[in-house]
Amino acid sequence: MKSILKPLLTIAAMALGMTVAVTLPARALVELNVNKGNVEPLPIAITDFQGGDALGAEISGIVSADLKRSGLFAPIDKSAFIEKISNPDATPRFEDWKVINAQALVTGSVGKEADGRIRAQYRLWDTFAGQQMSGEQFFANDANTRRVAHIIADAIYERLTGEKGYFDTRVVFIDESGAKNARKKRLAIMDQDGANVRYLSNGKSIVLTPRFSPNRQEITYMSYESGQPRVYLLQIETGQRELVGNFPGMTFAPRFSPDGQKVIMSLLRDDGNSNIFAMDLRSRSTTRLTNSTAIDTSPSYSPDGSKVVFTSDRGGRAQIYVMGADGSGQTRISFGDGVYSTPVWSPRGDLIAFTKQTGGEFQIGVMRTDGSGERILSTGFQQEGPTWAPNGRVLMFFRDSNGGPKLVSVDLTGRNEQSIPTANFASDPAWSPLLE
């Protein structure tokens, strides 16, 4: 048995083997190749988890919704099921599942332990090979049943694709409510599917650009409560807050370094120029990385911390540049028509996402880290601010629609665009790393 510690949740996970079925060697049933422009969803049957009544149906429903939203899986309607699973530990009748073209099958159960904890387990079956692919058991309290479902969905995603999932994550964003000319903006956090919204600020001051720390429990954001934009650090669970620094002039777009030891940002000085600075959070010493007479802004570290991508209009209009983490070797990498902004390095290190404005449209796109292979994933009237899922396969951004911004996700094929449900308007999303 292995123990997995996660914020607000302790989960014990145990692999479930079977004497009647040999676990398959690791291989992926879903081939991920984003350059093809389309991925055929894998038909998968997800049965209601037994023993938990409504809770079992809720957990399997969340697992199904997660997998479907990824665009890689096509959950089969339960009305088509031939075999009615009564014992999720028994070998299913594979012929019944092959008839409805279920290439993978998920069975599971939910129960209550004597100490009040919930026990949830699943088994993943390859119906055409007639074998179990994986199985695990988890324990959690009542408040964390949704997280158990997301963790199970991640495990299934990883076993079928060979890549990490992204469902057990959170998104911090700006909740916007009220009249357009008097919009109330609150710092908020939710699960990646829009559930469990919690407010982190009271809306008395404008807040902008929240960003996660690599430690998952801390964010940076900007607040105008003093009349000038100031960068704050906020501990998500305790609510403890501290000012990063009282810089003269305006501060923009703070982000953490991959090790969480620095914050990089753009500062506007009295000369009217915006340049990029990095601050060591331990010593509070600041290092200037660019010294331009233009506007340099929106810095983002590469995942290994060795480089920084940013935008600059030093060439006449805003384009994307890359430099060393010490400011060396500043090189322009974008040369397309239009104006580029909000570049963000992928967690995989292979791509840079960006916003592009051209021909009266706003586009969300990606390019390789040398600027080649530019690919537009989404086009709209006004949309911006991409943020990466931790596996580097999905982006979330915000788009103005019907009077205010809403959150949208899109995968790297550009074909699987999903609206993220929020009670109010929402902007400036930032995706957390996988929770632990």
# chains A, B, ... in the order shown; residues from 1 in each chain; ligands from 1
>>> select_by_dssp(residues="stretch 117-212 of chain A", states="helix (DSSP H, G or I)", output="list in words")
Asp142, Ala143, Asn144, Thr145, Arg146, Arg147, Val148, Ala149, His150, Ile151, Ile152, Ala153, Asp154, Ala155, Ile156, Tyr157, Glu158, Arg159, Leu160, Thr161, Lys180, Asn181 and Ala182 of chain A
>>> residues_around(residues="A:Met367", least_positions_apart="4", cutoff="9 Å", atoms="only C-alpha atoms", output="PyMOL selection string")
chain A and resi 334+350-354+371-376
>>> write_last_selection(atoms="N, CA and C atoms", output="PDB file, in the first residue's frame")
ATOM      1  N   SER A 334       9.006  35.640 -32.801  1.00  0.00           N
ATOM      2  CA  SER A 334       7.769  35.712 -33.587  1.00  0.00           C
ATOM      3  C   SER A 334       7.923  36.744 -34.699  1.00  0.00           C
ATOM      4  N   ASP A 350       8.021  22.351 -24.576  1.00  0.00           N
ATOM      5  CA  ASP A 350       8.130  22.248 -26.028  1.00  0.00           C
ATOM      6  C   ASP A 350       7.443  23.361 -26.787  1.00  0.00           C
ATOM      7  N   LEU A 351       6.492  24.066 -26.151  1.00  0.00           N
ATOM      8  CA  LEU A 351       5.695  25.068 -26.841  1.00  0.00           C
ATOM      9  C   LEU A 351       5.547  26.334 -25.999  1.00  0.00           C
ATOM     10  N   ILE A 352       5.207  27.422 -26.680  1.00  0.00           N
ATOM     11  CA  ILE A 352       4.848  28.676 -26.026  1.00  0.00           C
ATOM     12  C   ILE A 352       3.461  29.061 -26.511  1.00  0.00           C
ATOM     13  N   ALA A 353       2.539  29.262 -25.579  1.00  0.00           N
ATOM     14  CA  ALA A 353       1.195  29.731 -25.923  1.00  0.00           C
ATOM     15  C   ALA A 353       1.189  31.253 -25.937  1.00  0.00           C
ATOM     16  N   PHE A 354       0.260  31.843 -26.675  1.00  0.00           N
ATOM     17  CA  PHE A 354       0.233  33.300 -26.793  1.00  0.00           C
ATOM     18  C   PHE A 354      -1.162  33.768 -27.197  1.00  0.00           C
ATOM     19  N   GLY A 371      10.077  29.796 -32.218  1.00  0.00           N
ATOM     20  CA  GLY A 371       9.157  30.604 -33.014  1.00  0.00           C
ATOM     21  C   GLY A 371       8.588  29.895 -34.218  1.00  0.00           C
ATOM     22  N   SER A 372       9.072  28.711 -34.528  1.00  0.00           N
ATOM     23  CA  SER A 372       8.569  27.980 -35.700  1.00  0.00           C
ATOM     24  C   SER A 372       7.275  27.263 -35.355  1.00  0.00           C
ATOM     25  N   GLY A 373       6.577  26.798 -36.407  1.00  0.00           N
ATOM     26  CA  GLY A 373       5.402  25.964 -36.219  1.00  0.00           C
ATOM     27  C   GLY A 373       4.233  26.671 -35.563  1.00  0.00           C
ATOM     28  N   GLU A 374       4.059  27.965 -35.821  1.00  0.00           N
ATOM     29  CA  GLU A 374       2.930  28.679 -35.210  1.00  0.00           C
ATOM     30  C   GLU A 374       1.607  28.050 -35.644  1.00  0.00           C
ATOM     31  N   ARG A 375       0.723  27.819 -34.657  1.00  0.00           N
ATOM     32  CA  ARG A 375      -0.556  27.178 -34.929  1.00  0.00           C
ATOM     33  C   ARG A 375      -1.642  27.879 -34.124  1.00  0.00           C
ATOM     34  N   ILE A 376      -2.691  28.337 -34.783  1.00  0.00           N
ATOM     35  CA  ILE A 376      -3.802  29.019 -34.116  1.00  0.00           C
ATOM     36  C   ILE A 376      -4.831  27.975 -33.685  1.00  0.00           C
TER      37      ILE A 376
END
>>> closest_residue(among="A:Thr161, A:Asn141, A:Leu407, A:Gln132", to="A:Pro41", atoms="only C-alpha atoms")
A:Thr161
>>> atom_distance(atom1="atom CA of A:Leu267", atom2="atom CA of A:Ser226")
16.6 Å
>>> residues_around(residues="stretch 280-292 of chain A", least_positions_apart="6", cutoff="8 Å", atoms="only C-alpha atoms", output="ChimeraX atom specification")
/A:244-245,261-263,273-274,314,325-328
>>> write_last_selection(atoms="N, CA and C atoms", output="mmCIF file, in the first residue's frame")
data_model
loop_
_atom_site.group_PDB
_atom_site.id
_atom_site.type_symbol
_atom_site.label_atom_id
_atom_site.label_comp_id
_atom_site.auth_asym_id
_atom_site.auth_seq_id
_atom_site.Cartn_x
_atom_site.Cartn_y
_atom_site.Cartn_z
ATOM 1 N N VAL A 244 4.798 41.695 -1.748
ATOM 2 C CA VAL A 244 6.081 41.279 -2.317
ATOM 3 C C VAL A 244 7.080 42.423 -2.263
ATOM 4 N N GLY A 245 6.644 43.621 -2.599
ATOM 5 C CA GLY A 245 7.536 44.769 -2.555
ATOM 6 C C GLY A 245 6.791 46.035 -2.895
ATOM 7 N N GLN A 261 11.196 30.223 -5.889
ATOM 8 C CA GLN A 261 12.063 31.100 -5.093
ATOM 9 C C GLN A 261 12.086 32.537 -5.584
ATOM 10 N N LYS A 262 11.585 32.767 -6.798
ATOM 11 C CA LYS A 262 11.611 34.110 -7.374
ATOM 12 C C LYS A 262 10.250 34.467 -7.950
ATOM 13 N N VAL A 263 10.033 35.761 -8.091
ATOM 14 C CA VAL A 263 8.890 36.274 -8.845
ATOM 15 C C VAL A 263 9.440 37.177 -9.938
ATOM 16 N N ASN A 273 9.204 53.749 -19.378
ATOM 17 C CA ASN A 273 9.542 52.457 -19.963
ATOM 18 C C ASN A 273 9.195 51.333 -18.998
ATOM 19 N N SER A 274 8.709 50.249 -19.562
ATOM 20 C CA SER A 274 8.391 49.065 -18.777
ATOM 21 C C SER A 274 9.459 48.013 -19.042
ATOM 22 N N ARG A 314 9.844 46.677 -28.961
ATOM 23 C CA ARG A 314 11.094 47.335 -29.370
ATOM 24 C C ARG A 314 11.291 47.309 -30.885
ATOM 25 N N ALA A 325 17.612 33.401 -18.294
ATOM 26 C CA ALA A 325 17.011 33.820 -17.028
ATOM 27 C C ALA A 325 17.767 34.976 -16.392
ATOM 28 N N ASP A 326 18.998 35.215 -16.842
ATOM 29 C CA ASP A 326 19.778 36.352 -16.339
ATOM 30 C C ASP A 326 19.667 37.579 -17.237
ATOM 31 N N GLY A 327 18.826 37.496 -18.269
ATOM 32 C CA GLY A 327 18.634 38.614 -19.189
ATOM 33 C C GLY A 327 19.500 38.557 -20.422
ATOM 34 N N SER A 328 20.328 37.561 -20.547
ATOM 35 C CA SER A 328 21.253 37.467 -21.682
ATOM 36 C C SER A 328 20.563 36.934 -22.921
#
>>> closest_residue(among="A:Phe252, A:Phe310, A:Phe167, A:Phe212", to="A:Asp191", atoms="only C-alpha atoms")
A:Phe167
>>> residues_around(residues="A:Leu55", least_positions_apart="3", cutoff="12 Å", atoms="only C-alpha atoms", output="JSON, numbers by chain")
{"A": [48, 49, 50, 51, 52, 58, 59, 60, 61, 62, 108, 109, 110, 111, 112, 118, 119, 120, 142, 144, 145, 146, 148, 149]}
>>> select_by_dssp(residues="stretch 242-351 of chain A", states="strand (DSSP E or B)", output="ChimeraX atom specification")
/A:242-243,250-256,262-268,274-280,286-288,295-301,307-312,319-324,331-332,339-345,351
>>> atom_distance(atom1="atom CA of A:Val207", atom2="atom CA of A:Phe362")
23.3 Å
>>> closest_residue(among="A:Asp168, A:Glu436, A:Glu176, A:Asp304", to="A:Asp400", atoms="only C-alpha atoms")
A:Glu176
>>> atom_distance(atom1="atom CA of A:Phe138", atom2="atom CA of A:Gly116")
13.6 Å
>>> residues_around(residues="A:Asp66", least_positions_apart="3", cutoff="8 Å", atoms="only C-alpha atoms", output="PyMOL selection string")
chain A and resi 62-63+69-70+150+153+167+193
>>> decode(residues="stretch 291-331 of chain A", atoms="N, CA and C atoms", output="short mmCIF file (atom, residue, chain, number, x, y, z; two decimals), in the first residue's frame")
data_model
loop_
_atom_site.label_atom_id
_atom_site.label_comp_id
_atom_site.auth_asym_id
_atom_site.auth_seq_id
_atom_site.Cartn_x
_atom_site.Cartn_y
_atom_site.Cartn_z
N ASN A 291 16.69 46.24 -20.29
CA ASN A 291 16.96 47.67 -20.16
C ASN A 291 16.65 48.32 -21.51
N SER A 292 15.35 48.39 -21.80
CA SER A 292 14.89 48.79 -23.12
C SER A 292 14.15 50.12 -23.03
N THR A 293 14.17 50.86 -24.13
CA THR A 293 13.38 52.09 -24.19
C THR A 293 11.95 51.80 -24.66
N ALA A 294 11.65 50.51 -24.86
CA ALA A 294 10.33 50.08 -25.30
C ALA A 294 9.56 49.52 -24.11
N ILE A 295 8.44 48.87 -24.38
CA ILE A 295 7.65 48.22 -23.35
C ILE A 295 7.95 46.72 -23.37
N ASP A 296 8.59 46.23 -22.31
CA ASP A 296 8.86 44.80 -22.13
C ASP A 296 7.95 44.31 -21.01
N THR A 297 7.16 43.27 -21.28
CA THR A 297 6.20 42.84 -20.27
C THR A 297 5.84 41.36 -20.46
N SER A 298 4.97 40.86 -19.58
CA SER A 298 4.42 39.49 -19.63
C SER A 298 5.51 38.42 -19.64
N PRO A 299 6.45 38.44 -18.69
CA PRO A 299 7.49 37.40 -18.67
C PRO A 299 6.97 36.07 -18.13
N SER A 300 7.52 34.97 -18.63
CA SER A 300 7.17 33.63 -18.17
C SER A 300 8.40 32.74 -18.29
N TYR A 301 8.73 32.03 -17.21
CA TYR A 301 9.90 31.15 -17.20
C TYR A 301 9.65 29.87 -18.00
N SER A 302 10.72 29.32 -18.56
CA SER A 302 10.68 27.95 -19.08
C SER A 302 10.61 27.01 -17.89
N PRO A 303 10.12 25.77 -18.07
CA PRO A 303 9.94 24.88 -16.93
C PRO A 303 11.23 24.51 -16.20
N ASP A 304 12.38 24.60 -16.86
CA ASP A 304 13.64 24.32 -16.16
C ASP A 304 14.25 25.58 -15.56
N GLY A 305 13.59 26.74 -15.76
CA GLY A 305 14.05 27.98 -15.16
C GLY A 305 15.23 28.64 -15.85
N SER A 306 15.68 28.10 -16.98
CA SER A 306 16.88 28.63 -17.62
C SER A 306 16.59 29.79 -18.57
N LYS A 307 15.32 29.93 -19.01
CA LYS A 307 14.99 30.96 -19.99
C LYS A 307 13.70 31.67 -19.59
N VAL A 308 13.47 32.81 -20.24
CA VAL A 308 12.27 33.60 -20.01
C VAL A 308 11.72 34.03 -21.37
N VAL A 309 10.42 33.87 -21.56
CA VAL A 309 9.76 34.41 -22.74
C VAL A 309 9.01 35.67 -22.32
N PHE A 310 8.95 36.67 -23.18
CA PHE A 310 8.27 37.92 -22.86
C PHE A 310 7.85 38.61 -24.15
N THR A 311 7.06 39.68 -24.03
CA THR A 311 6.71 40.48 -25.19
C THR A 311 7.40 41.83 -25.10
N SER A 312 7.69 42.39 -26.27
CA SER A 312 8.32 43.70 -26.36
C SER A 312 7.91 44.35 -27.68
N ASP A 313 7.73 45.67 -27.63
CA ASP A 313 7.45 46.40 -28.86
C ASP A 313 8.68 47.14 -29.37
N ARG A 314 9.84 46.68 -28.96
CA ARG A 314 11.09 47.33 -29.37
C ARG A 314 11.29 47.31 -30.89
N GLY A 315 10.60 46.41 -31.57
CA GLY A 315 10.70 46.34 -33.02
C GLY A 315 9.61 47.13 -33.73
N GLY A 316 8.80 47.87 -32.97
CA GLY A 316 7.75 48.68 -33.57
C GLY A 316 6.35 48.24 -33.16
N ARG A 317 6.17 46.95 -32.94
CA ARG A 317 4.91 46.42 -32.42
C ARG A 317 5.23 45.21 -31.56
N ALA A 318 4.30 44.86 -30.68
CA ALA A 318 4.57 43.81 -29.70
C ALA A 318 4.79 42.46 -30.38
N GLN A 319 5.93 41.87 -30.10
CA GLN A 319 6.29 40.55 -30.58
C GLN A 319 6.86 39.74 -29.42
N ILE A 320 7.10 38.46 -29.66
CA ILE A 320 7.56 37.57 -28.61
C ILE A 320 9.08 37.42 -28.68
N TYR A 321 9.72 37.51 -27.52
CA TYR A 321 11.16 37.38 -27.39
C TYR A 321 11.49 36.32 -26.34
N VAL A 322 12.67 35.75 -26.45
CA VAL A 322 13.18 34.79 -25.47
C VAL A 322 14.56 35.26 -25.03
N MET A 323 14.85 35.11 -23.74
CA MET A 323 16.17 35.45 -23.21
C MET A 323 16.56 34.46 -22.13
N GLY A 324 17.85 34.47 -21.74
CA GLY A 324 18.28 33.68 -20.61
C GLY A 324 17.66 34.22 -19.33
N ALA A 325 17.61 33.40 -18.29
CA ALA A 325 17.01 33.82 -17.03
C ALA A 325 17.77 34.98 -16.39
N ASP A 326 19.00 35.22 -16.84
CA ASP A 326 19.78 36.35 -16.34
C ASP A 326 19.67 37.58 -17.24
N GLY A 327 18.83 37.50 -18.27
CA GLY A 327 18.63 38.61 -19.19
C GLY A 327 19.50 38.56 -20.42
N SER A 328 20.33 37.56 -20.55
CA SER A 328 21.25 37.47 -21.68
C SER A 328 20.56 36.93 -22.92
N GLY A 329 21.14 37.24 -24.09
CA GLY A 329 20.72 36.64 -25.34
C GLY A 329 19.28 36.93 -25.74
N GLN A 330 18.84 38.16 -25.61
CA GLN A 330 17.46 38.51 -25.94
C GLN A 330 17.23 38.39 -27.44
N THR A 331 16.31 37.49 -27.84
CA THR A 331 16.13 37.14 -29.24
C THR A 331 14.65 37.14 -29.60
#
